[in-house]
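Comments concern the structure below.
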Amino acid sequence: MSIKAIALFSGGLDSILAVRLVQQQGIDVAGLTFTTPFFNAVKARAAADRIRLPLLVQDITGEHLQMLKSPRYGYGKNMNPCIDCHTLMLKIAGGKMEQTGADFLVTGEVLGQRPMSQTRQSLRMVAKNSGYADDILRPLSAQLLDPIQAELEGKIDRSRLLAISGRGRKEQMRLAEAFGISHYPPPAGGCLLTDPMFARRLRDLMLHGEDREVRDYELLKYGRHFRVPEAGKIIVGRNQSDNEALRELAAENDLVCLMADFPGPLVLAPGGSEASQGAAASLCVRYSDAPSDKEARVTCRRGGQSAILTARAVSPDVSERWMI
């Protein structure tokens with residue numbers, strides 16, 4: 001009977017190497033990666049195709065957003081709840097392991113590589129809280145960690161696993177060369193929650209109302225964001241790509257403004273009311289090609305109705321105060 005493992009697979013070098021270390025012992029490995037509004041599976045899909053790894057992509061938006069509201073172990077430098085996030089992923093992966101009859105889980109984590117989520121204490125805590133502490137193998141650092149059940153049962157040879165630790169990548173790069181792996185992405189994070197600007201926007205969203213939808217998180221990725229007193233959130237496209245994305249995400253009850261006579265941005269006020277029209281129109285003029293010292297016409301639409309407003313550009317000082 002063949003031994004099977006499920007690998008949490010990001011597509012980064014560490015996760016690729018972890019898979020290879022397990023595969024070289026004749027173990028059947030399948031990859032599992034996750035998507036939310038904050039990270040996607042693009043890198044994982046590309047890497048899985050290159051190494052011919054079967055990959056399951058699972059959307060965990062609902063569970064992730066619930067965790068994000070109040071992570072047990074808090075946030076990192078920005079809005080990244082790394083410990084709680086890893087715990088959630090391993091809990092879901094453990095359920096998949098049980099469903100498919102796999103023998104253990106694999107991750108590419110390296111002891112000491114990340115100061116918050118990959119200390120010895122953090123790795124132990126994540127494993128315990130996931131409910132699968134005896135089933136999580138970290139092949140790159142396995143010889144520095146307690147053996148898991150599969151090692152004790154002889155399903156995988158611990159002596160052929162590694163003892164890498166720390167933030168350096170020389171060992172991983174040497175191992176990649178030995179495995180013939182020449183294409184792998186740089187170690188930059190792919191999670192928007194670690195981005196300072198995105199984190200500011202997310203904090204603002206979470207401070208203003210509980211009635212949020214997935215779309216509200218998607219909107220954080222595009223344009224310039226403003227919080228206007230008495231008018232609420234207003235988003236101004238920075239370029240054509242932003243304008244198209246905002247147009248796609250606009251809902252029936254949103255306020256959408258466009259310049260009537262000059263090139264300019266698409267301006268979106270989610271759930272915008274009449275109170276937001278003046279500010280939205282002024283921001284539209286501010287970031288358009290209209291003369292900054294003259295009034296210009298702005299077309300505003302909401303709920304199937306449209307109106308043309310005459311507005312003057314808001315001053316740079318005021319727009320700076322409003323910007324999130």
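Labels used: A, B, ... for chains in the order of the structure tokens, numbers from 1 for residues in each chain, and numbers from 1 for ligands as shown.
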
Close residues, A:Ser276 itself excluded, 8 Å, only C-alpha atoms, min 3 positions apart in chain, as a short mmCIF file (atom, residue, chain, number, x, y, z; two decimals) with C-alpha atoms, in the first residue's frame:
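Below you can see part07.cif, which holds the result:
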```cif
data_model
loop_
_atom_site.label_atom_id
_atom_site.label_comp_id
_atom_site.auth_asym_id
_atom_site.auth_seq_id
_atom_site.Cartn_x
_atom_site.Cartn_y
_atom_site.Cartn_z
CA GLU A 230 -20.10 63.01 6.13
CA ALA A 231 -19.60 61.38 2.72
CA GLY A 232 -17.82 58.11 3.49
CA ALA A 269 -18.40 55.81 -3.81
CA GLY A 272 -22.79 56.46 -2.07
CA SER A 273 -25.65 58.86 -1.33
CA ALA A 279 -16.95 65.34 -2.79
CA ALA A 280 -16.85 62.60 -5.44
#
```

>> Going by DSSP on the backbone, which residues of stretch 56-237 of chain A come out as strand (DSSP E or B)? List them as a list in words.
In response: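 Put together, the selection reads Leu56, Val57, Gln58, Asp59, Phe104, Leu105, Val106, Leu111, Ile136, Leu137, Ser165, Arg224, His225, Phe226, Arg227, Val228, Gly232, Lys233, Ile234, Ile235 and Val236 of chain A.
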
Atoms kept (C-alpha atoms) for selection, written as a compact mmCIF listing (two decimals), in the first residue's frame:
```
# COMPACT_ATOMS: atom_id res chain seq x y z
CA LEU A 56 -5.90 21.35 -5.47
CA VAL A 57 -6.85 25.03 -5.20
CA GLN A 58 -9.36 25.83 -2.45
CA ASP A 59 -11.08 29.16 -1.76
CA PHE A 104 0.62 13.03 6.77
CA LEU A 105 0.93 16.71 5.87
CA VAL A 106 3.98 18.53 4.48
CA LEU A 111 12.83 26.84 11.63
CA ILE A 136 2.72 17.88 10.19
CA LEU A 137 6.12 17.22 8.63
CA SER A 165 17.44 26.75 10.10
CA ARG A 224 -6.66 56.02 -4.48
CA HIS A 225 -8.83 55.70 -1.38
CA PHE A 226 -10.36 58.60 0.53
CA ARG A 227 -12.44 58.79 3.71
CA VAL A 228 -14.50 61.99 3.46
CA GLY A 232 -17.82 58.11 3.49
CA LYS A 233 -15.47 56.11 1.29
CA ILE A 234 -14.59 57.39 -2.19
CA ILE A 235 -12.22 55.60 -4.58
CA VAL A 236 -10.51 57.32 -7.53
```

> A:Asp103, A:Asp195, A:Asp254, A:Asp242: which is nearest A:Gly154, counting only C-alpha atoms?
Replying inline: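 Of A:Asp103, A:Asp195, A:Asp254, A:Asp242, the one nearest A:Gly154 is A:Asp103, counting only C-alpha atoms.
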
>> Taking only stretch 142-301 of chain A into account, list the residues labelled alpha helix (DSSP H) by DSSP (computed from the backbone), as a count of residues only.
In response: 55

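Note that atom CA of A:Glu244 and atom CA of A:Glu218 are 13.3 Å apart.
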
>> Env of stretch 190-193 of chain A: 6 Å cut, atoms = only C-alpha atoms, seq-sep filter 6 positions within chain, self excluded. Answer as a PyMOL selection string.
In response: chain A and resi 38-39+79-80+199

Could you save those same residues with N, CA and C atoms as a JSON list (two decimals), in the first residue's frame?
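Final output, selection-v3.json:
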```json
[["chain", "number", "residue", "atom", "x", "y", "z"],
["A", 38, "PHE", "N", -6.80, 38.23, -0.48],
["A", 38, "PHE", "CA", -5.49, 38.75, -0.11],
["A", 38, "PHE", "C", -4.33, 37.99, -0.73],
["A", 39, "PHE", "N", -4.57, 36.81, -1.24],
["A", 39, "PHE", "CA", -3.52, 36.06, -1.94],
["A", 39, "PHE", "C", -4.21, 35.09, -2.90],
["A", 79, "MET", "N", -1.17, 43.95, 8.72],
["A", 79, "MET", "CA", -2.44, 43.29, 9.09],
["A", 79, "MET", "C", -2.35, 41.80, 8.84],
["A", 80, "ASN", "N", -1.16, 41.25, 8.95],
["A", 80, "ASN", "CA", -0.94, 39.84, 8.65],
["A", 80, "ASN", "C", -1.01, 38.98, 9.92],
["A", 199, "ALA", "N", -2.71, 47.48, 4.14],
["A", 199, "ALA", "CA", -3.07, 47.32, 5.55],
["A", 199, "ALA", "C", -3.79, 48.56, 6.08]]
```

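Across the structure, atom CA of A:Thr33 and atom CA of A:Leu8 are spaced 6.0 Å apart.
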
> What gap, in Å, lies between atom CA of A:Ala41 and atom CA of A:Arg120?
Replying inline: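 Atom CA of A:Arg120 lies at a distance of 27.6 Å from atom CA of A:Ala41.
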
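With only C-alpha atoms as the atoms that count, the minimum distance from A:Thr35 to the choices A:Leu140, A:Leu65, A:Ala47, A:Leu13 is reached by A:Leu65.
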
> If we count only C-alpha atoms, what is near A:Asp216 at a cut-off of 10 Å, once residues fewer than 5 positions away on the same chain are taken out, given as a PyMOL selection string?
Replying inline: chain A and resi 37+202+205+211+221+249+270

>> as a PyMOL selection string, please: the residues near A:Ala7 (cut-off 7 Å, only C-alpha atoms, same-chain neighbours under 3 positions excluded).
In response: chain A and resi 19+29-32+105-107

> Which residue gives the smallest distance to A:Leu123 among A:Arg138, A:His208, A:Arg247, A:Lys294, with only C-alpha atoms counted?
Replying inline: A:Arg138

> Nearest to A:Gly108 among A:Asp134, A:Asp289, A:Asp14, A:Asp146, with distances taken over only C-alpha atoms: which residue is it?
Replying inline: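 Ranked by minimum distance to A:Gly108, first place goes to A:Asp14.
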